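As provided, my_file-v7.txt (compact mmCIF, C-alpha atoms and all ligand atoms) reads as follows.
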```
# COMPACT_ATOMS: atom_id res chain seq x y z
CA MET A 1 0.00 0.00 0.00
CA LYS A 2 1.17 3.51 -0.84
CA PRO A 3 0.70 6.38 1.62
CA GLY A 4 -2.97 7.40 1.56
CA ASP A 5 -4.18 3.99 0.34
CA ILE A 6 -6.69 1.66 1.96
CA ARG A 7 -7.25 -2.05 1.32
CA ILE A 8 -10.77 -3.44 0.95
CA ARG A 9 -12.30 -6.87 0.54
CA VAL A 10 -14.37 -6.45 -2.62
CA SER A 11 -18.12 -7.00 -2.11
CA ALA A 12 -19.44 -6.25 -5.61
CA THR A 13 -18.20 -4.86 -8.94
CA GLY A 14 -20.41 -3.83 -11.84
CA VAL A 15 -19.58 -5.08 -15.36
CA TYR A 16 -19.70 -2.36 -18.04
CA GLY A 17 -19.32 -1.65 -21.72
CA SER A 18 -15.98 0.09 -21.31
CA ASP A 19 -14.64 -3.17 -19.84
CA ILE A 20 -15.89 -5.03 -22.89
CA HIS A 21 -13.99 -2.60 -25.10
CA MET A 22 -10.76 -3.37 -23.20
CA TRP A 23 -11.55 -7.10 -23.12
CA LYS A 24 -11.95 -7.09 -26.91
CA THR A 25 -8.83 -5.04 -27.65
CA GLY A 26 -6.61 -6.38 -24.84
CA LYS A 27 -5.55 -2.81 -24.04
CA GLY A 28 -6.33 -0.19 -21.46
CA TRP A 29 -7.83 3.17 -22.41
CA ASN A 30 -4.43 4.82 -22.15
CA PRO A 31 -2.72 4.06 -25.50
CA ASP A 32 0.69 3.92 -23.79
CA HIS A 33 -0.50 1.23 -21.42
CA LYS A 34 -0.07 -2.46 -22.24
CA GLY A 35 -3.23 -3.49 -20.43
CA ASP A 36 -1.50 -5.63 -17.78
CA PHE A 37 -3.88 -4.80 -14.97
CA TRP A 38 -7.17 -6.05 -13.55
CA MET A 39 -10.26 -4.28 -14.82
CA GLY A 40 -13.26 -3.34 -12.68
CA HIS A 41 -14.00 0.31 -12.01
CA LYS A 42 -17.43 0.35 -10.32
CA PHE A 43 -17.22 -1.37 -6.98
CA CYS A 44 -17.68 -1.44 -3.24
CA GLY A 45 -16.20 -3.41 -0.39
CA VAL A 46 -15.34 -3.66 3.28
CA VAL A 47 -12.27 -1.93 4.70
CA GLU A 48 -9.63 -4.43 5.86
CA ASP A 49 -6.73 -2.01 6.28
CA PRO A 50 -7.56 1.70 6.64
CA GLY A 51 -3.91 2.79 6.47
CA THR A 52 -3.63 6.33 7.76
CA SER A 53 -7.18 7.28 6.69
CA ASP A 54 -10.16 7.99 8.98
CA PHE A 55 -11.90 4.80 7.87
CA LYS A 56 -12.21 1.91 10.32
CA VAL A 57 -11.81 -1.81 9.75
CA GLY A 58 -15.25 -3.12 8.73
CA ASP A 59 -16.52 0.14 7.17
CA ARG A 60 -18.45 -0.43 3.92
CA VAL A 61 -17.19 1.90 1.20
CA VAL A 62 -17.81 2.62 -2.47
CA PHE A 63 -15.04 3.95 -4.70
CA TRP A 64 -15.28 6.74 -7.26
CA ALA A 65 -12.93 5.54 -10.01
CA ASN A 66 -12.12 9.03 -11.31
CA LEU A 67 -8.40 9.70 -10.62
CA TYR A 68 -8.83 13.49 -10.54
CA CYS A 69 -5.93 15.64 -9.37
CA GLY A 70 -7.87 18.00 -7.12
CA GLU A 71 -5.60 20.92 -8.04
CA CYS A 72 -6.22 22.00 -11.65
CA ASP A 73 -8.64 24.76 -12.65
CA MET A 74 -11.42 22.28 -13.50
CA CYS A 75 -11.12 20.48 -10.16
CA ARG A 76 -11.06 23.76 -8.29
CA ALA A 77 -14.26 24.76 -10.11
CA GLY A 78 -16.01 21.58 -8.91
CA GLN A 79 -15.74 19.95 -12.34
CA GLU A 80 -13.58 17.02 -11.22
CA HIS A 81 -14.95 14.82 -14.02
CA LEU A 82 -13.34 17.25 -16.49
CA CYS A 83 -10.01 17.30 -14.62
CA ARG A 84 -7.10 17.97 -16.93
CA ASP A 85 -5.36 14.85 -15.61
CA VAL A 86 -8.35 12.59 -16.23
CA ASN A 87 -9.01 13.30 -19.90
CA GLY A 88 -12.06 11.02 -19.90
CA THR A 89 -10.19 7.78 -19.21
CA ASN A 90 -7.79 8.16 -16.29
CA HIS A 91 -9.86 5.90 -14.05
CA ILE A 92 -9.21 3.01 -11.70
CA GLY A 93 -9.59 -0.18 -13.75
CA PHE A 94 -8.83 1.70 -17.02
CA VAL A 95 -5.15 2.48 -16.42
CA CYS A 96 -4.34 0.60 -13.19
CA ASN A 97 -5.64 -2.33 -11.14
CA GLY A 98 -9.40 -2.36 -10.58
CA ALA A 99 -11.73 -4.60 -8.64
CA TYR A 100 -12.46 -7.76 -10.63
CA ALA A 101 -10.68 -9.35 -7.70
CA GLU A 102 -11.22 -10.35 -4.09
CA LYS A 103 -9.10 -7.45 -2.75
CA PHE A 104 -8.50 -3.91 -3.92
CA VAL A 105 -5.96 -1.32 -2.79
CA GLY A 106 -6.52 2.32 -3.72
CA PRO A 107 -6.57 5.93 -2.54
CA ALA A 108 -8.73 6.58 0.53
CA ARG A 109 -9.64 9.99 -0.91
CA LEU A 110 -11.73 8.22 -3.58
CA ALA A 111 -13.65 6.06 -1.08
CA TYR A 112 -17.05 7.03 0.37
CA LYS A 113 -18.70 5.39 3.34
CA LEU A 114 -21.96 3.58 2.57
CA LEU A 115 -25.13 3.65 4.64
CA ASP A 116 -26.71 0.29 5.44
CA THR A 117 -29.71 1.21 3.28
CA VAL A 118 -27.47 0.88 0.19
CA SER A 119 -26.92 -2.79 -0.71
CA ASP A 120 -23.64 -4.03 -2.19
CA VAL A 121 -25.28 -4.57 -5.57
CA ASP A 122 -26.84 -1.09 -5.49
CA ALA A 123 -23.40 0.35 -4.72
CA ALA A 124 -21.88 -1.45 -7.70
CA LEU A 125 -24.43 0.44 -9.81
CA ILE A 126 -23.77 3.91 -8.41
CA ASP A 127 -21.58 4.63 -11.39
CA PRO A 128 -24.22 4.28 -14.14
CA LEU A 129 -26.69 6.05 -11.88
CA MET A 130 -24.30 8.99 -11.48
CA VAL A 131 -23.90 9.15 -15.27
CA ALA A 132 -27.69 9.21 -15.64
CA TYR A 133 -28.07 11.79 -12.85
CA HIS A 134 -25.48 14.14 -14.40
CA ALA A 135 -27.11 13.77 -17.84
CA VAL A 136 -30.54 14.68 -16.43
CA HIS A 137 -28.99 17.75 -14.77
CA LEU A 138 -27.35 18.83 -18.04
CA SER A 139 -30.64 18.43 -19.94
CA ASN A 140 -32.30 21.20 -17.87
CA MET A 141 -35.41 19.02 -17.95
CA LYS A 142 -38.51 20.70 -16.54
CA LEU A 143 -41.72 19.46 -14.96
CA HIS A 144 -44.12 18.01 -17.55
CA ASP A 145 -41.45 17.74 -20.28
CA LYS A 146 -41.74 14.89 -22.75
CA VAL A 147 -38.62 12.76 -22.71
CA LEU A 148 -37.25 10.13 -25.08
CA VAL A 149 -34.35 7.82 -24.32
CA VAL A 150 -32.58 6.28 -27.32
CA GLY A 151 -31.03 2.98 -26.17
CA SER A 152 -31.94 0.24 -23.70
CA GLY A 153 -28.86 -0.45 -21.59
CA ILE A 154 -28.55 0.23 -17.89
CA ILE A 155 -27.80 3.95 -18.29
CA ALA A 156 -30.79 4.32 -20.62
CA GLN A 157 -33.01 2.59 -18.07
CA LEU A 158 -31.74 4.74 -15.22
CA MET A 159 -32.17 7.98 -17.20
CA GLY A 160 -35.81 7.01 -17.90
CA ASP A 161 -36.32 6.14 -14.24
CA LEU A 162 -34.86 9.48 -13.08
CA ALA A 163 -36.71 11.53 -15.71
CA LYS A 164 -39.96 10.02 -14.46
CA SER A 165 -39.08 10.84 -10.86
CA ALA A 166 -38.11 14.37 -11.95
CA GLY A 167 -41.60 15.01 -13.30
CA ALA A 168 -41.60 14.17 -17.00
CA SER A 169 -45.13 13.83 -18.35
CA LEU A 170 -44.07 11.18 -20.89
CA VAL A 171 -40.99 8.97 -20.89
CA ALA A 172 -40.49 6.85 -23.99
CA MET A 173 -37.73 4.49 -25.11
CA SER A 174 -36.58 4.16 -28.73
CA LYS A 175 -34.56 1.11 -29.53
CA THR A 176 -33.31 -0.95 -32.40
CA ASN A 177 -31.96 -4.07 -30.73
CA ASN A 178 -34.85 -6.49 -30.28
CA ARG A 179 -32.60 -8.81 -28.31
CA LYS A 180 -33.04 -6.61 -25.29
CA LEU A 181 -36.56 -5.36 -25.88
CA ALA A 182 -38.39 -7.98 -23.80
CA LYS A 183 -36.04 -7.42 -20.88
CA ALA A 184 -36.27 -3.65 -21.24
CA ARG A 185 -40.06 -3.83 -21.16
CA GLU A 186 -40.05 -6.17 -18.19
CA MET A 187 -37.74 -3.97 -16.14
CA GLY A 188 -38.30 -0.49 -17.49
CA LYS A 189 -40.57 2.25 -16.18
CA PHE A 190 -41.20 3.76 -19.60
CA ASP A 191 -44.65 4.77 -20.83
CA CYS A 192 -44.02 3.37 -24.30
CA TYR A 193 -41.39 1.60 -26.42
CA LEU A 194 -40.79 2.77 -29.99
CA ASP A 195 -39.01 1.07 -32.87
CA GLY A 196 -35.94 3.12 -33.83
CA LYS A 197 -35.67 1.22 -37.14
CA ASP A 198 -39.19 2.16 -38.28
CA PRO A 199 -38.77 4.08 -41.59
CA ASN A 200 -41.60 6.36 -40.41
CA ARG A 201 -40.08 6.90 -37.02
CA ARG A 202 -40.05 10.70 -37.28
CA ALA A 203 -43.84 10.72 -37.75
CA VAL A 204 -44.27 8.22 -34.92
CA TYR A 205 -42.12 10.28 -32.55
CA GLU A 206 -44.09 13.36 -33.52
CA GLU A 207 -47.43 11.70 -32.92
CA VAL A 208 -46.52 10.05 -29.61
CA SER A 209 -45.01 13.25 -28.21
CA LYS A 210 -47.64 15.54 -29.82
CA GLY A 211 -45.10 17.71 -31.59
CA GLY A 212 -41.65 16.41 -30.66
CA PHE A 213 -39.76 15.58 -27.46
CA ASP A 214 -38.46 18.38 -25.24
CA VAL A 215 -35.49 16.30 -24.14
CA VAL A 216 -33.85 13.32 -25.83
CA PHE A 217 -31.14 11.25 -24.15
CA GLU A 218 -28.88 9.40 -26.60
CA ALA A 219 -27.32 6.43 -24.79
CA VAL A 220 -25.87 4.34 -27.62
CA GLY A 221 -23.10 6.31 -29.31
CA SER A 222 -23.80 5.51 -32.96
CA ALA A 223 -24.73 7.44 -36.11
CA SER A 224 -28.16 5.79 -36.24
CA ALA A 225 -28.91 6.55 -32.59
CA LEU A 226 -27.94 10.20 -32.99
CA ALA A 227 -30.04 10.40 -36.16
CA ALA A 228 -32.99 8.97 -34.25
CA ALA A 229 -32.48 11.58 -31.52
CA MET A 230 -32.40 14.34 -34.15
CA ASP A 231 -35.67 13.02 -35.63
CA ALA A 232 -37.33 12.97 -32.22
CA VAL A 233 -36.35 16.27 -30.64
CA LYS A 234 -38.65 19.26 -31.11
CA ALA A 235 -37.43 22.65 -32.28
CA GLY A 236 -35.60 24.37 -29.46
CA GLY A 237 -35.26 21.05 -27.63
CA THR A 238 -32.22 19.39 -26.13
CA ILE A 239 -30.32 16.23 -26.96
CA VAL A 240 -27.96 14.99 -24.28
CA THR A 241 -25.62 12.30 -25.51
CA VAL A 242 -23.86 9.95 -23.11
CA GLY A 243 -22.99 7.27 -25.68
CA ASN A 244 -19.39 7.12 -26.80
CA THR A 245 -18.02 4.98 -29.54
CA ILE A 246 -14.92 3.26 -30.84
CA ASP A 247 -15.42 5.21 -34.09
CA PRO A 248 -15.35 8.77 -32.77
CA THR A 249 -16.63 10.56 -35.88
CA ILE A 250 -20.27 10.22 -36.80
CA PRO A 251 -22.27 12.36 -39.24
CA ILE A 252 -24.96 14.77 -38.14
CA ASP A 253 -27.74 16.68 -39.93
CA ILE A 254 -26.24 20.11 -39.27
CA ASN A 255 -29.05 21.96 -41.04
CA ARG A 256 -31.65 20.43 -38.79
CA LEU A 257 -29.48 21.23 -35.78
CA VAL A 258 -29.12 24.89 -36.79
CA LEU A 259 -32.55 25.60 -38.29
CA HIS A 260 -34.39 24.00 -35.36
CA GLU A 261 -32.05 25.48 -32.74
CA ILE A 262 -31.42 22.06 -31.22
CA ARG A 263 -29.08 22.03 -28.24
CA LEU A 264 -26.68 19.08 -28.49
CA VAL A 265 -24.89 18.45 -25.22
CA GLY A 266 -22.21 15.87 -24.43
CA SER A 267 -22.29 14.35 -20.97
CA VAL A 268 -19.66 12.30 -19.17
CA SER A 269 -19.42 10.91 -15.65
CA CYS A 270 -20.40 13.49 -13.00
CA THR A 271 -18.96 15.94 -10.53
CA ARG A 272 -17.76 14.83 -7.11
CA LYS A 273 -20.78 16.54 -5.55
CA GLU A 274 -23.13 14.64 -7.86
CA PHE A 275 -21.38 11.38 -6.97
CA GLU A 276 -22.15 12.01 -3.29
CA GLU A 277 -25.74 12.96 -4.16
CA THR A 278 -26.10 9.73 -6.15
CA ILE A 279 -25.27 7.71 -3.04
CA ASP A 280 -27.97 9.70 -1.21
CA LEU A 281 -30.51 9.02 -4.00
CA ILE A 282 -30.16 5.30 -3.40
CA ALA A 283 -29.96 5.59 0.39
CA SER A 284 -33.22 7.57 0.42
CA GLY A 285 -35.00 4.86 -1.59
CA MET A 286 -35.85 7.20 -4.48
CA ILE A 287 -34.29 4.79 -6.94
CA LYS A 288 -33.31 1.15 -6.69
CA PRO A 289 -30.70 0.35 -9.36
CA GLU A 290 -30.47 -3.26 -8.14
CA ARG A 291 -33.78 -3.95 -9.92
CA TYR A 292 -31.97 -3.75 -13.30
CA VAL A 293 -29.44 -6.49 -12.46
CA THR A 294 -30.08 -9.71 -14.34
CA ASP A 295 -27.06 -11.79 -13.25
CA ILE A 296 -24.58 -12.06 -10.36
CA VAL A 297 -21.36 -14.00 -11.06
CA PRO A 298 -18.09 -14.77 -9.20
CA VAL A 299 -14.63 -13.68 -10.43
CA GLU A 300 -14.25 -16.99 -12.28
CA GLY A 301 -17.44 -16.25 -14.19
CA MET A 302 -16.10 -13.07 -15.81
CA GLN A 303 -14.99 -14.64 -19.10
CA LYS A 304 -18.45 -16.12 -19.63
CA ALA A 305 -20.03 -12.82 -18.57
CA PHE A 306 -18.14 -10.93 -21.30
CA GLU A 307 -19.05 -13.60 -23.86
CA ARG A 308 -22.73 -13.26 -22.91
CA LEU A 309 -22.63 -9.46 -23.00
CA THR A 310 -21.20 -9.52 -26.53
CA SER A 311 -23.63 -12.20 -27.75
CA ARG A 312 -26.31 -10.97 -30.11
CA THR A 313 -28.92 -13.33 -28.69
CA ASP A 314 -28.42 -13.22 -24.91
CA PRO A 315 -31.02 -10.95 -23.24
CA VAL A 316 -28.71 -10.10 -20.30
CA LEU A 317 -29.04 -6.45 -19.18
CA LYS A 318 -26.66 -5.98 -16.27
CA ILE A 319 -24.12 -8.30 -14.64
CA VAL A 320 -22.54 -7.69 -11.25
CA MET A 321 -19.48 -9.60 -10.04
CA LYS A 322 -19.51 -10.73 -6.42
CA PRO A 323 -16.51 -12.75 -5.21
CA ASP A 324 -18.80 -14.91 -3.03
CA ALA A 325 -21.33 -15.65 -5.79
CA LYS A 326 -21.86 -19.29 -6.80
CA VAL A 327 -20.46 -20.52 -10.13
CA ASP A 328 -23.22 -21.58 -12.59
ZN ZN B 1 -7.74 18.24 -11.81
```

Turn the structure described in the file into structure tokens.
Amino acid sequence: MKPGDIRIRVSATGVYGSDIHMWKTGKGWNPDHKGDFWMGHKFCGVVEDPGTSDFKVGDRVVFWANLYCGECDMCRAGQEHLCRDVNGTNHIGFVCNGAYAEKFVGPARLAYKLLDTVSDVDAALIDPLMVAYHAVHLSNMKLHDKVLVVGSGIIAQLMGDLAKSAGASLVAMSKTNNRKLAKAREMGKFDCYLDGKDPNRRAVYEEVSKGGFDVVFEAVGSASALAAAMDAVKAGGTIVTVGNTIDPTIPIDINRLVLHEIRLVGSVSCTRKEFEETIDLIASGMIKPERYVTDIVPVEGMQKAFERLTSRTDPVLKIVMKPDAKVD
């Protein structure tokens, strides 16, 4: 352990798309890095060695994976997620050892104590919830707004869930992958589910929303998903995109963007304050991210988990790794 580190026994780690990207390429997100580290960046555990920190042995903690510096202009402005040292990818489990393991050692300054009302599995899902929470903030959504979410993954589900809680009058999901549709319907809190591949989708969006959606969340990161969002948003409306992609350049209908005064906003991670608020959201019972988990696997089940998540036929929505889970 380095000065300032604590050691935890890992209780639960969420499995995410950015891990799949590294699993496929065999590399970390830092191009200079060979990828010789354990992944796992969304996790909680029990303190075994508090080092010199104020934590005590037995405290339950959740880690924020963002390795922000705390000193640059962005950090000082409370925009730690945009820290000049982080650059979108300088996270635990992206550039150094993460928590697909039984133990984890990392900086105490990134650990937050958990209340007993937050389960281990909920805590492993704080990260997608914080992404959804930050995106809803950036959208400037108002009471009674009509909201569309393009995509059906965990962040899409959580954005719909939060938008509903925040007072949207209509929350719809647009999706193209039928593999996940049944699961999305079963778990989701959406008012309706629309086919993003429908050639008449613009007319359908218009009809369902009675004139276009005030806010559209794009949670896929593809040309077709952004095009669907552009078709759905009403003039003067807002698209918040949280999807990112291996191919970073995708086309956009710039005329529609300009002539309809559409606000297109990128959204990544969240601020440190929002991270703390996300823990409170779960602790208060306002949202229960655990309900979106379809599978819990042990460390040895990770290979199969990645194979399932990249299968075109498996309906799995969200997998959480727990070291004490039973092997299938
Ligand atoms: Zn910084």

Would you mind telling me which residue in A:Ala156, A:Val233, A:Leu67, A:Val10 lies nearest to ligand ZN 1 (chain B) when using all atoms listed in the file?
A:Leu67

Can you pull out every residue with an atom within 7 Å of ligand ZN 1 (chain B)? Use only C-alpha atoms and all ligand atoms and format it as an MDAnalysis selection string.
chainID A and resid 68:75 80 83:85

Selected residues, C-alpha atoms, written as a CSV table (one decimal), in the coordinates of the input, please.
```
chain,number,residue,atom,x,y,z
A,68,TYR,CA,-8.8,13.5,-10.5
A,69,CYS,CA,-5.9,15.6,-9.4
A,70,GLY,CA,-7.9,18.0,-7.1
A,71,GLU,CA,-5.6,20.9,-8.0
A,72,CYS,CA,-6.2,22.0,-11.6
A,73,ASP,CA,-8.6,24.8,-12.6
A,74,MET,CA,-11.4,22.3,-13.5
A,75,CYS,CA,-11.1,20.5,-10.2
A,80,GLU,CA,-13.6,17.0,-11.2
A,83,CYS,CA,-10.0,17.3,-14.6
A,84,ARG,CA,-7.1,18.0,-16.9
A,85,ASP,CA,-5.4,14.8,-15.6
```

Closest of A:Met130, A:Leu226, A:Cys270, A:Ile92 to A:Val105, counting all atoms listed in the file, is A:Ile92

Mind pulling up the distance from atom CA of A:Gly51 to atom CA of A:Met1?
8.1 Å

Tell me which of A:Ala108, A:Met159, A:Ala99, A:Val118 sits closest to A:Lys2, counting all atoms listed in the file.
A:Ala108

So that I can check the surroundings of stretch 227-230 of chain A, please list as a ChimeraX atom specification every protein, DNA and RNA residue that reaches within 10 Å of it, counting all atoms listed in the file and ignoring chain neighbours fewer than 5 positions away.
/A:148-150,174-175,196-197,201-202,205,213,215-219,222,235,237-241,250-254,256-257,260,262,264

Go ahead and write the selection's residues with C-alpha atoms as a tab-separated table (two decimals), in the coordinates of the input.
```tsv
chain	number	residue	atom	x	y	z
A	148	LEU	CA	-37.25	10.13	-25.08
A	149	VAL	CA	-34.35	7.82	-24.32
A	150	VAL	CA	-32.58	6.28	-27.32
A	174	SER	CA	-36.58	4.16	-28.73
A	175	LYS	CA	-34.56	1.11	-29.53
A	196	GLY	CA	-35.94	3.12	-33.83
A	197	LYS	CA	-35.67	1.22	-37.14
A	201	ARG	CA	-40.08	6.90	-37.02
A	202	ARG	CA	-40.05	10.70	-37.28
A	205	TYR	CA	-42.12	10.28	-32.55
A	213	PHE	CA	-39.76	15.58	-27.46
A	215	VAL	CA	-35.49	16.30	-24.14
A	216	VAL	CA	-33.85	13.32	-25.83
A	217	PHE	CA	-31.14	11.25	-24.15
A	218	GLU	CA	-28.88	9.40	-26.60
A	219	ALA	CA	-27.32	6.43	-24.79
A	222	SER	CA	-23.80	5.51	-32.96
A	235	ALA	CA	-37.43	22.65	-32.28
A	237	GLY	CA	-35.26	21.05	-27.63
A	238	THR	CA	-32.22	19.39	-26.13
A	239	ILE	CA	-30.32	16.23	-26.96
A	240	VAL	CA	-27.96	14.99	-24.28
A	241	THR	CA	-25.62	12.30	-25.51
A	250	ILE	CA	-20.27	10.22	-36.80
A	251	PRO	CA	-22.27	12.36	-39.24
A	252	ILE	CA	-24.96	14.77	-38.14
A	253	ASP	CA	-27.74	16.68	-39.93
A	254	ILE	CA	-26.24	20.11	-39.27
A	256	ARG	CA	-31.65	20.43	-38.79
A	257	LEU	CA	-29.48	21.23	-35.78
A	260	HIS	CA	-34.39	24.00	-35.36
A	262	ILE	CA	-31.42	22.06	-31.22
A	264	LEU	CA	-26.68	19.08	-28.49
```

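For the pair atom CA of A:Val208 and atom CA of A:Arg312, the interatomic distance is 29.2 Å.
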
Just checking: using all atoms listed in the file, which residue out of A:Leu125, A:Val242, A:Met141, A:Val171 ends up closest to A:Val268?
A:Val242

Reconstruct N, CA and C atoms of stretch 54-76 of chain A from the incomplete input and present them as a CSV table (one decimal), in the frame of the given file.
```csv
chain,number,residue,atom,x,y,z
A,54,ASP,N,-9.2,8.0,7.9
A,54,ASP,CA,-10.2,8.0,9.0
A,54,ASP,C,-11.1,6.8,9.0
A,55,PHE,N,-11.0,6.0,7.9
A,55,PHE,CA,-11.9,4.8,7.9
A,55,PHE,C,-11.5,3.8,9.0
A,56,LYS,N,-12.5,3.0,9.3
A,56,LYS,CA,-12.2,1.9,10.3
A,56,LYS,C,-12.3,0.5,9.7
A,57,VAL,N,-11.7,-0.4,10.2
A,57,VAL,CA,-11.8,-1.8,9.8
A,57,VAL,C,-13.3,-2.2,9.8
A,58,GLY,N,-13.8,-2.7,8.7
A,58,GLY,CA,-15.2,-3.1,8.7
A,58,GLY,C,-16.2,-2.1,8.1
A,59,ASP,N,-15.7,-0.9,7.9
A,59,ASP,CA,-16.5,0.1,7.2
A,59,ASP,C,-16.8,-0.4,5.7
A,60,ARG,N,-18.1,-0.1,5.3
A,60,ARG,CA,-18.4,-0.4,3.9
A,60,ARG,C,-18.2,0.8,3.1
A,61,VAL,N,-17.5,0.7,2.0
A,61,VAL,CA,-17.2,1.9,1.2
A,61,VAL,C,-17.4,1.6,-0.3
A,62,VAL,N,-17.7,2.7,-1.0
A,62,VAL,CA,-17.8,2.6,-2.5
A,62,VAL,C,-16.7,3.5,-3.0
A,63,PHE,N,-16.1,3.1,-4.1
A,63,PHE,CA,-15.0,4.0,-4.7
A,63,PHE,C,-15.6,4.7,-5.9
A,64,TRP,N,-15.1,6.0,-6.0
A,64,TRP,CA,-15.3,6.7,-7.3
A,64,TRP,C,-14.0,6.5,-8.1
A,65,ALA,N,-14.1,6.0,-9.3
A,65,ALA,CA,-12.9,5.5,-10.0
A,65,ALA,C,-12.1,6.7,-10.6
A,66,ASN,N,-12.7,7.9,-10.6
A,66,ASN,CA,-12.1,9.0,-11.3
A,66,ASN,C,-10.8,9.5,-10.6
A,67,LEU,N,-9.7,9.4,-11.3
A,67,LEU,CA,-8.4,9.7,-10.6
A,67,LEU,C,-8.1,11.2,-10.8
A,68,TYR,N,-9.0,12.0,-10.4
A,68,TYR,CA,-8.8,13.5,-10.5
A,68,TYR,C,-7.7,14.0,-9.6
A,69,CYS,N,-7.1,15.1,-10.1
A,69,CYS,CA,-5.9,15.6,-9.4
A,69,CYS,C,-6.3,16.5,-8.2
A,70,GLY,N,-7.5,17.2,-8.2
A,70,GLY,CA,-7.9,18.0,-7.1
A,70,GLY,C,-7.2,19.4,-7.1
A,71,GLU,N,-6.4,19.7,-8.1
A,71,GLU,CA,-5.6,20.9,-8.0
A,71,GLU,C,-5.8,21.8,-9.3
A,72,CYS,N,-6.2,21.2,-10.4
A,72,CYS,CA,-6.2,22.0,-11.6
A,72,CYS,C,-7.4,22.9,-11.6
A,73,ASP,N,-7.5,23.8,-12.6
A,73,ASP,CA,-8.6,24.8,-12.6
A,73,ASP,C,-10.0,24.1,-12.7
A,74,MET,N,-10.1,23.0,-13.4
A,74,MET,CA,-11.4,22.3,-13.5
A,74,MET,C,-11.8,21.7,-12.1
A,75,CYS,N,-10.8,21.1,-11.5
A,75,CYS,CA,-11.1,20.5,-10.2
A,75,CYS,C,-11.5,21.6,-9.2
A,76,ARG,N,-10.8,22.7,-9.2
A,76,ARG,CA,-11.1,23.8,-8.3
A,76,ARG,C,-12.4,24.4,-8.5
```
